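Visitor: Structure in structure tokens, see below.
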Amino acid sequence: MSEIFLSIIVPIYNEQDVLPHLYQRLINVLEPAGFLYEVIFIDDGSRDQSLPLLVNYHNDNHNVKVVSFSRNFGHQVAITAGINYAQGKAVMIIDGDLQDPPEIIPEFIAMWKQGYEVVYGIRKKRKENFVKKMFYSTYYRLLKKLSNTDIPLDSGDCCLIDRRIVDLMNKMPERNRFVRGLRAWLGFKQIGLAYERDRRFAGKVKYSFIKLIKLGLDGIISFSYFPLKISVFLGFFISISSVIYSFYIVVNRFIHPEQRILGWASIVVGITFLGGIQLLMMGVLGEYVSRIFDEVKNRPHYVIGCTLGLEDRNAQNISYHPGV
Ligand code: UDP
Ligand code: MG
């Protein structure tokens, strides 16, 4: 194995305004630390000046390495690529907008040295707007209730993982990745480390609403069968109700033979109600089926445009044929 002690993975999507500060702060923390490190920036198809800046950093400092995608593949895929390429004994994942301050890295290393394979960051306080905070908080609690895996509350992707976890993650072939879920699923000794999550340093949020919904669904669908099972409970409940209702109708037919044409409202309500539930459940099936379809297609997770400072594994993307 290589001598690199720590790899830092940073996904970057149009972060030209943040990058100079991010780079400086990372170097300020890493240079005095006295161990061999690598910073792997994953350029997730940026269309601004991010890539030229990264090329400069690499030319200045060969510990800086770059993986550049052929287009935007998304944050979770970018992290996955970073994990594929990282060679360190420990690997730290941070966001590229300085929300996870680089100064927290030594604390994570200290915990890892105590023997934890996974040290995940817990957001002490979210400096986001109220609606977003409510949304996140409800989501994480719902996920915890529904999921078969114990995914810690309020933990994001910021974490430090041991080489053992890295190797195992590289063997997990699934698409539609929810990295924090996969990490929790692996087990071993895991611990949360609370840290103050800053505001985004500059630029706009890169997670669009649609991307966020997709990530949320990936979390629930990859780690819970509950949505599939709702239809069983609903079907059971509705069947019982309809038996009781049919019984009532038959009895009523004999008691009040003159009321035979009544019941239009109940029929319409019944049809629309059942129609709604059926469509909803078909939608749930669709979410699972589309993800199964993604798995079956077995496309590579990402396509690389170029790499800098890394052995080019473009021809044989290692996440394409896991285990080979
Ligand atoms: N990001 C990415 N690809 C995307 C969206 C985001 O690589 O398609 C990166 C982005 O550059 C940032 C990190 O993922 O480093 C987190 O994104 P952002 O800050 O926009 O989202 P947040 O999680 O803070 O809402
Ligand atoms: Mg952010």
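Residue numbering restarts at 1 for every chain of the structure tokens, chains are lettered A, B, ... in their displayed order, and ligands are numbered from 1 as they appear.
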Among range 54-275 of chain A, which ones does DSSP assign to helix (DSSP H, G or I) (computed from the backbone)? Answer as a short mmCIF file (atom, residue, chain, number, x, y, z; two decimals) with N, CA, C and O atoms, in the first residue's frame.
Guide:
```cif
data_model
loop_
_atom_site.label_atom_id
_atom_site.label_comp_id
_atom_site.auth_asym_id
_atom_site.auth_seq_id
_atom_site.Cartn_x
_atom_site.Cartn_y
_atom_site.Cartn_z
N LEU A 54 -8.01 24.43 -10.67
CA LEU A 54 -7.51 23.16 -10.11
C LEU A 54 -6.22 22.74 -10.80
O LEU A 54 -5.30 22.23 -10.14
N VAL A 55 -6.14 22.98 -12.11
CA VAL A 55 -4.91 22.64 -12.85
C VAL A 55 -3.74 23.45 -12.27
O VAL A 55 -2.64 22.92 -12.03
N ASN A 56 -3.98 24.72 -11.99
CA ASN A 56 -2.93 25.56 -11.38
C ASN A 56 -2.48 25.00 -10.05
O ASN A 56 -1.28 24.95 -9.75
N TYR A 57 -3.44 24.63 -9.22
CA TYR A 57 -3.08 24.11 -7.89
C TYR A 57 -2.25 22.85 -8.03
O TYR A 57 -1.29 22.64 -7.29
N HIS A 58 -2.62 22.02 -9.00
CA HIS A 58 -1.86 20.78 -9.20
C HIS A 58 -0.43 21.10 -9.63
O HIS A 58 0.53 20.47 -9.18
N ASN A 59 -0.29 22.09 -10.52
CA ASN A 59 1.05 22.47 -10.98
C ASN A 59 1.91 23.02 -9.84
O ASN A 59 3.12 22.79 -9.80
N ASP A 60 1.25 23.74 -8.92
CA ASP A 60 1.96 24.29 -7.75
C ASP A 60 2.35 23.21 -6.76
O ASP A 60 3.37 23.31 -6.09
N HIS A 75 -23.23 15.00 -6.96
CA HIS A 75 -22.39 15.03 -5.76
C HIS A 75 -22.02 13.63 -5.26
O HIS A 75 -20.85 13.35 -5.00
N GLN A 76 -23.01 12.75 -5.15
CA GLN A 76 -22.76 11.42 -4.59
C GLN A 76 -21.83 10.61 -5.49
O GLN A 76 -20.98 9.86 -5.02
N VAL A 77 -21.98 10.78 -6.79
CA VAL A 77 -21.12 10.07 -7.73
C VAL A 77 -19.71 10.65 -7.64
O VAL A 77 -18.71 9.91 -7.69
N ALA A 78 -19.61 11.97 -7.47
CA ALA A 78 -18.29 12.60 -7.35
C ALA A 78 -17.56 12.05 -6.13
O ALA A 78 -16.37 11.70 -6.20
N ILE A 79 -18.27 11.92 -5.02
CA ILE A 79 -17.65 11.36 -3.81
C ILE A 79 -17.20 9.92 -4.08
O ILE A 79 -16.09 9.52 -3.71
N THR A 80 -18.06 9.17 -4.79
CA THR A 80 -17.73 7.78 -5.11
C THR A 80 -16.43 7.71 -5.91
O THR A 80 -15.55 6.88 -5.62
N ALA A 81 -16.28 8.60 -6.90
CA ALA A 81 -15.07 8.61 -7.71
C ALA A 81 -13.86 8.91 -6.82
O ALA A 81 -12.80 8.27 -6.93
N GLY A 82 -14.03 9.87 -5.91
CA GLY A 82 -12.94 10.22 -4.98
C GLY A 82 -12.51 9.00 -4.18
O GLY A 82 -11.32 8.72 -4.02
N ILE A 83 -13.50 8.25 -3.69
CA ILE A 83 -13.20 7.07 -2.89
C ILE A 83 -12.50 6.01 -3.75
O ILE A 83 -11.60 5.31 -3.30
N ASN A 84 -12.90 5.91 -5.02
CA ASN A 84 -12.24 4.97 -5.95
C ASN A 84 -10.76 5.29 -6.11
O ASN A 84 -9.93 4.39 -6.21
N TYR A 85 -10.43 6.57 -6.17
CA TYR A 85 -9.06 6.98 -6.47
C TYR A 85 -8.17 7.16 -5.25
O TYR A 85 -6.95 7.12 -5.36
N PRO A 102 -11.96 23.17 6.88
CA PRO A 102 -10.80 22.27 6.87
C PRO A 102 -10.12 22.17 8.24
O PRO A 102 -9.48 21.17 8.53
N GLU A 103 -10.32 23.18 9.09
CA GLU A 103 -9.66 23.18 10.40
C GLU A 103 -10.15 22.04 11.30
O GLU A 103 -9.53 21.75 12.33
N ILE A 104 -11.26 21.40 10.93
CA ILE A 104 -11.76 20.31 11.79
C ILE A 104 -11.05 18.98 11.50
O ILE A 104 -11.20 18.02 12.24
N ILE A 105 -10.26 18.95 10.42
CA ILE A 105 -9.66 17.68 10.00
C ILE A 105 -8.84 17.01 11.13
O ILE A 105 -9.01 15.82 11.38
N PRO A 106 -7.97 17.77 11.85
CA PRO A 106 -7.18 17.11 12.91
C PRO A 106 -8.05 16.42 13.98
O PRO A 106 -7.68 15.35 14.47
N GLU A 107 -9.21 17.00 14.29
CA GLU A 107 -10.09 16.36 15.28
C GLU A 107 -10.57 15.00 14.77
O GLU A 107 -10.69 14.04 15.54
N PHE A 108 -10.88 14.95 13.48
CA PHE A 108 -11.34 13.69 12.90
C PHE A 108 -10.22 12.65 12.94
O PHE A 108 -10.45 11.49 13.26
N ILE A 109 -9.00 13.11 12.63
CA ILE A 109 -7.86 12.18 12.65
C ILE A 109 -7.65 11.64 14.06
O ILE A 109 -7.43 10.44 14.25
N ALA A 110 -7.79 12.53 15.05
CA ALA A 110 -7.57 12.11 16.44
C ALA A 110 -8.56 11.00 16.81
O ALA A 110 -8.17 10.01 17.45
N MET A 111 -9.81 11.14 16.42
CA MET A 111 -10.82 10.11 16.73
C MET A 111 -10.50 8.80 16.02
O MET A 111 -10.63 7.72 16.58
N TRP A 112 -10.08 8.91 14.76
CA TRP A 112 -9.75 7.72 13.97
C TRP A 112 -8.59 6.97 14.63
O TRP A 112 -8.59 5.74 14.71
N LYS A 113 -7.63 7.76 15.17
CA LYS A 113 -6.47 7.13 15.83
C LYS A 113 -6.88 6.38 17.09
O LYS A 113 -6.18 5.49 17.54
N PHE A 130 -35.21 28.59 7.58
CA PHE A 130 -36.09 27.82 8.44
C PHE A 130 -36.74 26.63 7.71
O PHE A 130 -36.75 25.51 8.21
N VAL A 131 -37.23 26.90 6.49
CA VAL A 131 -37.94 25.86 5.74
C VAL A 131 -36.99 24.68 5.46
O VAL A 131 -37.35 23.51 5.66
N LYS A 132 -35.77 25.00 5.04
CA LYS A 132 -34.79 23.96 4.72
C LYS A 132 -34.46 23.14 5.97
O LYS A 132 -34.37 21.91 5.92
N LYS A 133 -34.31 23.86 7.11
CA LYS A 133 -34.00 23.17 8.36
C LYS A 133 -35.11 22.20 8.73
O LYS A 133 -34.85 21.06 9.12
N MET A 134 -36.35 22.66 8.61
CA MET A 134 -37.52 21.83 8.93
C MET A 134 -37.53 20.59 8.03
O MET A 134 -37.73 19.47 8.48
N PHE A 135 -37.28 20.84 6.75
CA PHE A 135 -37.31 19.79 5.75
C PHE A 135 -36.26 18.71 6.08
O PHE A 135 -36.56 17.53 6.15
N TYR A 136 -35.03 19.15 6.36
CA TYR A 136 -33.93 18.23 6.67
C TYR A 136 -34.24 17.43 7.93
O TYR A 136 -34.08 16.21 7.98
N SER A 137 -34.69 18.17 8.96
CA SER A 137 -34.89 17.54 10.25
C SER A 137 -35.99 16.47 10.14
O SER A 137 -35.83 15.35 10.63
N THR A 138 -37.09 16.80 9.47
CA THR A 138 -38.18 15.83 9.30
C THR A 138 -37.69 14.65 8.47
O THR A 138 -37.97 13.50 8.81
N TYR A 139 -36.96 14.94 7.43
CA TYR A 139 -36.49 13.88 6.54
C TYR A 139 -35.62 12.86 7.30
O TYR A 139 -35.83 11.66 7.21
N TYR A 140 -34.64 13.38 8.07
CA TYR A 140 -33.74 12.46 8.76
C TYR A 140 -34.47 11.59 9.78
O TYR A 140 -34.16 10.42 9.97
N ARG A 141 -35.49 12.20 10.43
CA ARG A 141 -36.26 11.42 11.40
C ARG A 141 -37.11 10.36 10.71
O ARG A 141 -37.24 9.24 11.17
N LEU A 142 -37.69 10.73 9.58
CA LEU A 142 -38.49 9.78 8.79
C LEU A 142 -37.60 8.63 8.30
O LEU A 142 -37.96 7.45 8.41
N LEU A 143 -36.43 9.01 7.79
CA LEU A 143 -35.50 8.00 7.26
C LEU A 143 -35.12 7.01 8.36
O LEU A 143 -35.05 5.81 8.15
N LYS A 144 -34.88 7.55 9.55
CA LYS A 144 -34.48 6.69 10.67
C LYS A 144 -35.59 5.70 11.00
O LYS A 144 -35.34 4.54 11.27
N LYS A 145 -36.85 6.18 10.98
CA LYS A 145 -38.00 5.32 11.28
C LYS A 145 -38.14 4.23 10.21
O LYS A 145 -38.41 3.08 10.51
N LEU A 146 -37.99 4.63 8.95
CA LEU A 146 -38.30 3.72 7.85
C LEU A 146 -37.17 2.75 7.53
O LEU A 146 -37.40 1.64 7.08
N ARG A 163 -9.19 2.96 5.69
CA ARG A 163 -8.91 2.24 4.44
C ARG A 163 -9.81 1.00 4.27
O ARG A 163 -10.28 0.68 3.20
N ARG A 164 -10.09 0.33 5.39
CA ARG A 164 -10.94 -0.85 5.35
C ARG A 164 -12.33 -0.52 4.79
O ARG A 164 -12.87 -1.23 3.95
N ILE A 165 -12.88 0.59 5.26
CA ILE A 165 -14.21 1.04 4.80
C ILE A 165 -14.13 1.45 3.32
O ILE A 165 -15.01 1.14 2.52
N VAL A 166 -13.02 2.13 2.97
CA VAL A 166 -12.84 2.58 1.58
C VAL A 166 -12.86 1.37 0.65
O VAL A 166 -13.59 1.35 -0.35
N ASP A 167 -12.08 0.34 1.01
CA ASP A 167 -12.01 -0.85 0.15
C ASP A 167 -13.37 -1.52 0.03
O ASP A 167 -13.77 -1.99 -1.04
N LEU A 168 -14.11 -1.57 1.13
CA LEU A 168 -15.43 -2.20 1.09
C LEU A 168 -16.40 -1.38 0.24
O LEU A 168 -17.19 -1.92 -0.53
N MET A 169 -16.33 -0.05 0.40
CA MET A 169 -17.22 0.81 -0.39
C MET A 169 -16.95 0.64 -1.89
O MET A 169 -17.86 0.67 -2.70
N ASN A 170 -15.67 0.48 -2.23
CA ASN A 170 -15.32 0.30 -3.64
C ASN A 170 -15.88 -1.01 -4.20
O ASN A 170 -15.97 -1.18 -5.41
N VAL A 179 -24.33 7.86 -0.12
CA VAL A 179 -23.06 7.46 0.49
C VAL A 179 -23.16 7.32 2.01
O VAL A 179 -22.67 6.36 2.59
N ARG A 180 -23.87 8.27 2.65
CA ARG A 180 -23.93 8.20 4.12
C ARG A 180 -24.68 6.96 4.60
O ARG A 180 -24.42 6.44 5.68
N GLY A 181 -25.60 6.46 3.76
CA GLY A 181 -26.32 5.23 4.08
C GLY A 181 -25.42 4.01 3.93
O GLY A 181 -25.38 3.14 4.79
N LEU A 182 -24.66 3.98 2.84
CA LEU A 182 -23.74 2.86 2.59
C LEU A 182 -22.72 2.75 3.73
O LEU A 182 -22.38 1.68 4.20
N ARG A 183 -22.27 3.95 4.15
CA ARG A 183 -21.27 4.02 5.22
C ARG A 183 -21.85 3.44 6.51
O ARG A 183 -21.20 2.64 7.19
N ALA A 184 -23.09 3.81 6.82
CA ALA A 184 -23.72 3.31 8.04
C ALA A 184 -23.97 1.80 7.93
O ALA A 184 -23.79 1.06 8.89
N TRP A 185 -24.33 1.37 6.73
CA TRP A 185 -24.66 -0.05 6.51
C TRP A 185 -23.47 -0.96 6.79
O TRP A 185 -23.63 -2.08 7.28
N LEU A 186 -22.24 -0.44 6.51
CA LEU A 186 -21.05 -1.26 6.64
C LEU A 186 -20.76 -1.66 8.09
O LEU A 186 -20.18 -2.70 8.33
N PHE A 209 -33.48 21.84 -6.16
CA PHE A 209 -34.56 21.21 -5.41
C PHE A 209 -34.79 19.79 -5.91
O PHE A 209 -34.92 18.85 -5.13
N ILE A 210 -34.76 19.63 -7.23
CA ILE A 210 -35.00 18.31 -7.83
C ILE A 210 -33.91 17.32 -7.40
O ILE A 210 -34.18 16.19 -7.02
N LYS A 211 -32.64 17.80 -7.40
CA LYS A 211 -31.52 16.93 -7.00
C LYS A 211 -31.67 16.50 -5.54
O LYS A 211 -31.35 15.38 -5.18
N LEU A 212 -32.15 17.45 -4.73
CA LEU A 212 -32.33 17.16 -3.31
C LEU A 212 -33.42 16.12 -3.11
O LEU A 212 -33.28 15.20 -2.29
N ILE A 213 -34.50 16.24 -3.85
CA ILE A 213 -35.60 15.27 -3.76
C ILE A 213 -35.08 13.90 -4.20
O ILE A 213 -35.35 12.88 -3.57
N LYS A 214 -34.30 13.89 -5.27
CA LYS A 214 -33.75 12.62 -5.79
C LYS A 214 -32.87 11.96 -4.72
O LYS A 214 -32.98 10.77 -4.45
N LEU A 215 -32.02 12.78 -4.06
CA LEU A 215 -31.14 12.25 -3.02
C LEU A 215 -31.98 11.69 -1.87
O LEU A 215 -31.72 10.60 -1.36
N GLY A 216 -33.02 12.44 -1.49
CA GLY A 216 -33.89 12.01 -0.40
C GLY A 216 -34.56 10.69 -0.74
O GLY A 216 -34.60 9.76 0.08
N LEU A 217 -35.06 10.56 -1.97
CA LEU A 217 -35.71 9.31 -2.38
C LEU A 217 -34.70 8.16 -2.42
O LEU A 217 -35.00 7.05 -2.02
N ASP A 218 -33.48 8.45 -2.91
CA ASP A 218 -32.46 7.41 -2.94
C ASP A 218 -32.21 6.87 -1.53
O ASP A 218 -32.08 5.66 -1.33
N GLY A 219 -32.18 7.78 -0.56
CA GLY A 219 -31.95 7.38 0.83
C GLY A 219 -33.04 6.43 1.29
O GLY A 219 -32.77 5.35 1.82
N ILE A 220 -34.29 6.82 1.07
CA ILE A 220 -35.40 6.01 1.58
C ILE A 220 -35.52 4.70 0.78
O ILE A 220 -35.64 3.62 1.34
N ILE A 221 -35.43 4.82 -0.54
CA ILE A 221 -35.70 3.64 -1.36
C ILE A 221 -34.56 2.61 -1.28
O ILE A 221 -34.80 1.41 -1.29
N SER A 222 -33.32 3.11 -1.16
CA SER A 222 -32.21 2.15 -1.05
C SER A 222 -32.13 1.49 0.31
O SER A 222 -31.48 0.47 0.47
N PHE A 223 -32.74 2.12 1.32
CA PHE A 223 -32.55 1.58 2.67
C PHE A 223 -33.85 1.21 3.36
O PHE A 223 -33.86 0.96 4.56
N PHE A 226 -40.30 -0.12 3.23
CA PHE A 226 -41.60 0.30 3.75
C PHE A 226 -42.54 0.85 2.68
O PHE A 226 -43.70 0.45 2.61
N PRO A 227 -42.05 1.75 1.79
CA PRO A 227 -42.98 2.29 0.78
C PRO A 227 -43.65 1.18 -0.05
O PRO A 227 -44.81 1.29 -0.41
N LEU A 228 -42.91 0.10 -0.31
CA LEU A 228 -43.49 -1.01 -1.07
C LEU A 228 -44.57 -1.73 -0.27
O LEU A 228 -45.49 -2.29 -0.83
N LYS A 229 -44.39 -1.68 1.04
CA LYS A 229 -45.30 -2.46 1.88
C LYS A 229 -46.56 -1.68 2.25
O LYS A 229 -47.51 -2.28 2.74
N ILE A 230 -46.53 -0.35 2.05
CA ILE A 230 -47.71 0.44 2.41
C ILE A 230 -48.94 -0.13 1.72
O ILE A 230 -50.01 -0.21 2.29
N SER A 231 -48.76 -0.53 0.44
CA SER A 231 -49.93 -0.96 -0.33
C SER A 231 -50.56 -2.20 0.31
O SER A 231 -51.77 -2.37 0.27
N VAL A 232 -49.75 -3.03 0.95
CA VAL A 232 -50.31 -4.22 1.61
C VAL A 232 -51.22 -3.79 2.76
O VAL A 232 -52.35 -4.25 2.87
N PHE A 233 -50.70 -2.85 3.58
CA PHE A 233 -51.52 -2.39 4.71
C PHE A 233 -52.78 -1.71 4.21
O PHE A 233 -53.88 -1.97 4.69
N LEU A 234 -52.60 -0.81 3.22
CA LEU A 234 -53.76 -0.07 2.71
C LEU A 234 -54.76 -1.04 2.09
O LEU A 234 -55.97 -0.94 2.33
N GLY A 235 -54.27 -1.98 1.31
CA GLY A 235 -55.14 -2.95 0.64
C GLY A 235 -55.94 -3.74 1.66
O GLY A 235 -57.14 -3.93 1.52
N PHE A 236 -55.26 -4.12 2.73
CA PHE A 236 -55.90 -4.89 3.78
C PHE A 236 -57.01 -4.06 4.42
O PHE A 236 -58.16 -4.50 4.55
N PHE A 237 -56.68 -2.84 4.77
CA PHE A 237 -57.62 -1.94 5.44
C PHE A 237 -58.82 -1.67 4.53
O PHE A 237 -59.98 -1.76 4.95
N ILE A 238 -58.56 -1.41 3.25
CA ILE A 238 -59.65 -1.08 2.34
C ILE A 238 -60.52 -2.31 2.08
O ILE A 238 -61.74 -2.20 2.01
N SER A 239 -59.90 -3.46 1.97
CA SER A 239 -60.70 -4.68 1.74
C SER A 239 -61.66 -4.91 2.91
O SER A 239 -62.84 -5.18 2.72
N ILE A 240 -61.13 -4.79 4.13
CA ILE A 240 -61.98 -5.00 5.31
C ILE A 240 -63.13 -3.99 5.29
O ILE A 240 -64.29 -4.34 5.48
N SER A 241 -62.78 -2.70 5.02
CA SER A 241 -63.82 -1.66 5.00
C SER A 241 -64.86 -1.99 3.95
O SER A 241 -66.06 -1.80 4.17
N SER A 242 -64.40 -2.47 2.79
CA SER A 242 -65.38 -2.68 1.71
C SER A 242 -66.28 -3.88 2.01
O SER A 242 -67.45 -3.87 1.66
N VAL A 243 -65.74 -4.86 2.73
CA VAL A 243 -66.62 -5.99 3.13
C VAL A 243 -67.71 -5.47 4.07
O VAL A 243 -68.90 -5.76 3.90
N ILE A 244 -67.29 -4.65 5.04
CA ILE A 244 -68.27 -4.10 5.99
C ILE A 244 -69.30 -3.25 5.25
O ILE A 244 -70.51 -3.37 5.46
N TYR A 245 -68.82 -2.45 4.32
CA TYR A 245 -69.71 -1.56 3.58
C TYR A 245 -70.68 -2.37 2.71
O TYR A 245 -71.88 -2.08 2.65
N SER A 246 -70.19 -3.44 2.07
CA SER A 246 -71.06 -4.26 1.22
C SER A 246 -72.16 -4.88 2.08
O SER A 246 -73.33 -4.95 1.68
N PHE A 247 -71.77 -5.32 3.25
CA PHE A 247 -72.74 -5.92 4.15
C PHE A 247 -73.85 -4.91 4.46
O PHE A 247 -75.04 -5.21 4.38
N TYR A 248 -73.42 -3.69 4.75
CA TYR A 248 -74.36 -2.61 5.05
C TYR A 248 -75.30 -2.38 3.86
O TYR A 248 -76.52 -2.26 4.01
N ILE A 249 -74.77 -2.36 2.65
CA ILE A 249 -75.57 -2.10 1.45
C ILE A 249 -76.64 -3.20 1.27
O ILE A 249 -77.82 -2.90 1.03
N VAL A 250 -76.22 -4.44 1.42
CA VAL A 250 -77.16 -5.55 1.23
C VAL A 250 -78.29 -5.47 2.25
O VAL A 250 -79.48 -5.54 1.92
N VAL A 251 -77.91 -5.24 3.50
CA VAL A 251 -78.94 -5.16 4.56
C VAL A 251 -79.87 -4.00 4.27
O VAL A 251 -81.10 -4.13 4.31
N ASN A 252 -79.29 -2.88 3.89
CA ASN A 252 -80.06 -1.66 3.63
C ASN A 252 -81.05 -1.87 2.48
O ASN A 252 -82.16 -1.34 2.47
N ARG A 253 -80.61 -2.65 1.50
CA ARG A 253 -81.42 -2.93 0.31
C ARG A 253 -82.75 -3.59 0.71
O ARG A 253 -83.79 -3.34 0.14
N PHE A 254 -82.67 -4.44 1.74
CA PHE A 254 -83.89 -5.13 2.19
C PHE A 254 -84.72 -4.26 3.13
O PHE A 254 -85.94 -4.29 3.12
N ILE A 255 -84.02 -3.45 3.94
CA ILE A 255 -84.77 -2.64 4.91
C ILE A 255 -85.46 -1.46 4.20
O ILE A 255 -86.59 -1.12 4.49
N PRO A 257 -86.20 -0.78 0.52
CA PRO A 257 -86.19 -1.11 -0.91
C PRO A 257 -86.43 0.12 -1.79
O PRO A 257 -85.98 0.17 -2.94
N GLU A 258 -87.05 1.17 -1.23
CA GLU A 258 -87.38 2.35 -2.04
C GLU A 258 -86.15 3.23 -2.31
O GLU A 258 -86.15 4.08 -3.19
N GLN A 259 -85.01 3.04 -1.59
CA GLN A 259 -83.84 3.93 -1.73
C GLN A 259 -82.82 3.41 -2.74
O GLN A 259 -81.65 3.76 -2.71
N TRP A 264 -74.86 7.53 -5.23
CA TRP A 264 -73.97 8.07 -6.26
C TRP A 264 -72.69 8.63 -5.63
O TRP A 264 -71.58 8.33 -6.06
N ALA A 265 -72.91 9.41 -4.58
CA ALA A 265 -71.76 10.06 -3.93
C ALA A 265 -70.75 9.02 -3.43
O ALA A 265 -69.54 9.15 -3.65
N SER A 266 -71.26 7.97 -2.79
CA SER A 266 -70.32 7.01 -2.21
C SER A 266 -69.54 6.28 -3.32
O SER A 266 -68.37 5.96 -3.15
N ILE A 267 -70.22 6.05 -4.46
CA ILE A 267 -69.52 5.38 -5.57
C ILE A 267 -68.39 6.26 -6.09
O ILE A 267 -67.25 5.84 -6.25
N VAL A 268 -68.73 7.53 -6.32
CA VAL A 268 -67.71 8.45 -6.86
C VAL A 268 -66.54 8.59 -5.87
O VAL A 268 -65.37 8.52 -6.27
N VAL A 269 -66.88 8.74 -4.62
CA VAL A 269 -65.82 8.88 -3.62
C VAL A 269 -64.94 7.63 -3.62
O VAL A 269 -63.71 7.70 -3.63
N GLY A 270 -65.61 6.48 -3.65
CA GLY A 270 -64.87 5.20 -3.66
C GLY A 270 -63.94 5.10 -4.85
O GLY A 270 -62.76 4.76 -4.71
N ILE A 271 -64.46 5.43 -6.04
CA ILE A 271 -63.64 5.31 -7.25
C ILE A 271 -62.44 6.25 -7.21
O ILE A 271 -61.30 5.85 -7.46
N THR A 272 -62.70 7.50 -6.85
CA THR A 272 -61.58 8.47 -6.86
C THR A 272 -60.55 8.10 -5.79
O THR A 272 -59.35 8.17 -6.02
N PHE A 273 -61.05 7.68 -4.64
CA PHE A 273 -60.15 7.32 -3.54
C PHE A 273 -59.24 6.16 -3.96
O PHE A 273 -58.00 6.22 -3.86
N LEU A 274 -59.90 5.11 -4.47
CA LEU A 274 -59.10 3.94 -4.87
C LEU A 274 -58.19 4.27 -6.05
O LEU A 274 -57.03 3.82 -6.09
N GLY A 275 -58.71 5.06 -7.00
CA GLY A 275 -57.90 5.47 -8.15
C GLY A 275 -56.65 6.18 -7.67
O GLY A 275 -55.54 5.92 -8.15
#
```
Visitor: Write out as number ranges by chain each polymer residue whose atoms come within 6 Å of range 34-43 of chain A, counting only C-alpha atoms; drop sequence neighbours fewer than 4 positions from it.
Guide: A: 4-12, 63-68, 78
Visitor: Please identify all protein, DNA and RNA residues within 12 Å of ligand 2, counting only C-alpha atoms and all ligand atoms, and report them as a ChimeraX atom specification.
Guide: /A:10-13,15,18,75,94-101,126-128,156-158,197-208,212
Visitor: Find the spatial neighbours of Leu193 in chain A, counting only C-alpha atoms, within a cut-off of 8 Å - ignore same-chain residues fewer than 4 positions away - and output them as a list of chain:residue names.
Guide: A:Phe108, A:Val119, A:Tyr120, A:Gly121, A:Ile122
Visitor: Grab the residues selected above and save them as a short mmCIF file (atom, residue, chain, number, x, y, z; two decimals), in the first residue's frame with N, CA, C and O atoms.
Guide:
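Done, and the output landed in out34.cif:
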```
data_model
loop_
_atom_site.label_atom_id
_atom_site.label_comp_id
_atom_site.auth_asym_id
_atom_site.auth_seq_id
_atom_site.Cartn_x
_atom_site.Cartn_y
_atom_site.Cartn_z
N PHE A 108 -10.88 14.95 13.48
CA PHE A 108 -11.34 13.69 12.90
C PHE A 108 -10.22 12.65 12.94
O PHE A 108 -10.45 11.49 13.26
N VAL A 119 -15.54 8.10 11.35
CA VAL A 119 -15.85 9.26 12.19
C VAL A 119 -16.69 10.18 11.32
O VAL A 119 -16.20 10.74 10.35
N TYR A 120 -17.98 10.28 11.62
CA TYR A 120 -18.84 11.12 10.77
C TYR A 120 -19.18 12.43 11.46
O TYR A 120 -19.31 12.49 12.68
N GLY A 121 -19.27 13.47 10.68
CA GLY A 121 -19.58 14.79 11.22
C GLY A 121 -21.07 14.92 11.52
O GLY A 121 -21.90 14.47 10.75
N ILE A 122 -21.37 15.50 12.67
CA ILE A 122 -22.77 15.81 12.98
C ILE A 122 -22.90 17.32 13.01
O ILE A 122 -22.09 18.00 13.65
#
```
Visitor: May I ask which of the residues A:Leu160, A:Ile27, A:Ala33, A:Val296 is the closest one to Pro173 in chain A, counting only C-alpha atoms?
Guide: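 Using only C-alpha atoms, the shortest distance to Pro173 in chain A belongs to A:Val296.
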Visitor: Mind checking which residues fall within 6 Å of Ile161 in chain A, counting only C-alpha atoms, ignoring those fewer than 3 positions away in the same chain, and posting them as a list in words?
Guide: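 Skipping anything fewer than 3 positions along the chain leaves Ala90, Val91, Glu117 and Val118 of chain A.
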Visitor: What's around Asp294 in chain A at 12 Å? Count only C-alpha atoms, leave out sequence neighbours fewer than 4 positions away in its own chain, and write the answer as a list in words.
Guide: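 Returned residues: Pro173, Glu174, Arg175, Asn176, Arg177, Glu287, Tyr288, Val289, Ser290, Asn298, Arg299, Pro300 and His301 of chain A.
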Visitor: Which residues are close to Asp48 in chain A, i.e. within 10 Å by only C-alpha atoms, leaving aside same-chain residues fewer than 3 positions away? Reply as an MDAnalysis selection string.
Guide: chainID A and resid 13:17 45 51:53
Visitor: Just how far from atom 16 (C, counted along the ligand's line) of ligand 1 is CA of Ile151 in chain A, in Å to one decimal?
Guide: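 The value is 19.4 Å.
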Visitor: I need the residue nearest ligand 1 from this list: A:Asn72, A:Thr149, A:Gln278, A:Ser50. Use only C-alpha atoms and all ligand atoms for the distance.
Guide: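 The answer is A:Asn72, which sits nearest to ligand 1.
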Visitor: Give me, as a VMD selection string, the residues of range 181-300 of chain A that a backbone DSSP run labels strand (DSSP E).
Guide: chain A and resid 190 to 195
Visitor: Take the residues from that selection and put them in a file with N, CA and C atoms, as a JSON list (two decimals), in the first residue's frame.
Guide:
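Produced file selection-v1.json, reproduced below:
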```
[["chain", "number", "residue", "atom", "x", "y", "z"],
["A", 190, "GLN", "N", -18.21, 3.10, 14.64],
["A", 190, "GLN", "CA", -18.52, 4.41, 14.06],
["A", 190, "GLN", "C", -18.81, 5.39, 15.19],
["A", 191, "ILE", "N", -18.42, 6.64, 14.97],
["A", 191, "ILE", "CA", -18.71, 7.63, 16.01],
["A", 191, "ILE", "C", -19.00, 8.98, 15.36],
["A", 192, "GLY", "N", -19.89, 9.73, 15.97],
["A", 192, "GLY", "CA", -20.23, 11.07, 15.47],
["A", 192, "GLY", "C", -19.34, 12.11, 16.12],
["A", 193, "LEU", "N", -19.01, 13.13, 15.38],
["A", 193, "LEU", "CA", -18.21, 14.22, 15.92],
["A", 193, "LEU", "C", -18.95, 15.51, 15.56],
["A", 194, "ALA", "N", -19.40, 16.22, 16.60],
["A", 194, "ALA", "CA", -20.20, 17.42, 16.34],
["A", 194, "ALA", "C", -19.29, 18.56, 15.88],
["A", 195, "TYR", "N", -19.69, 19.28, 14.87],
["A", 195, "TYR", "CA", -18.92, 20.43, 14.43],
["A", 195, "TYR", "C", -19.86, 21.51, 13.93]]
```
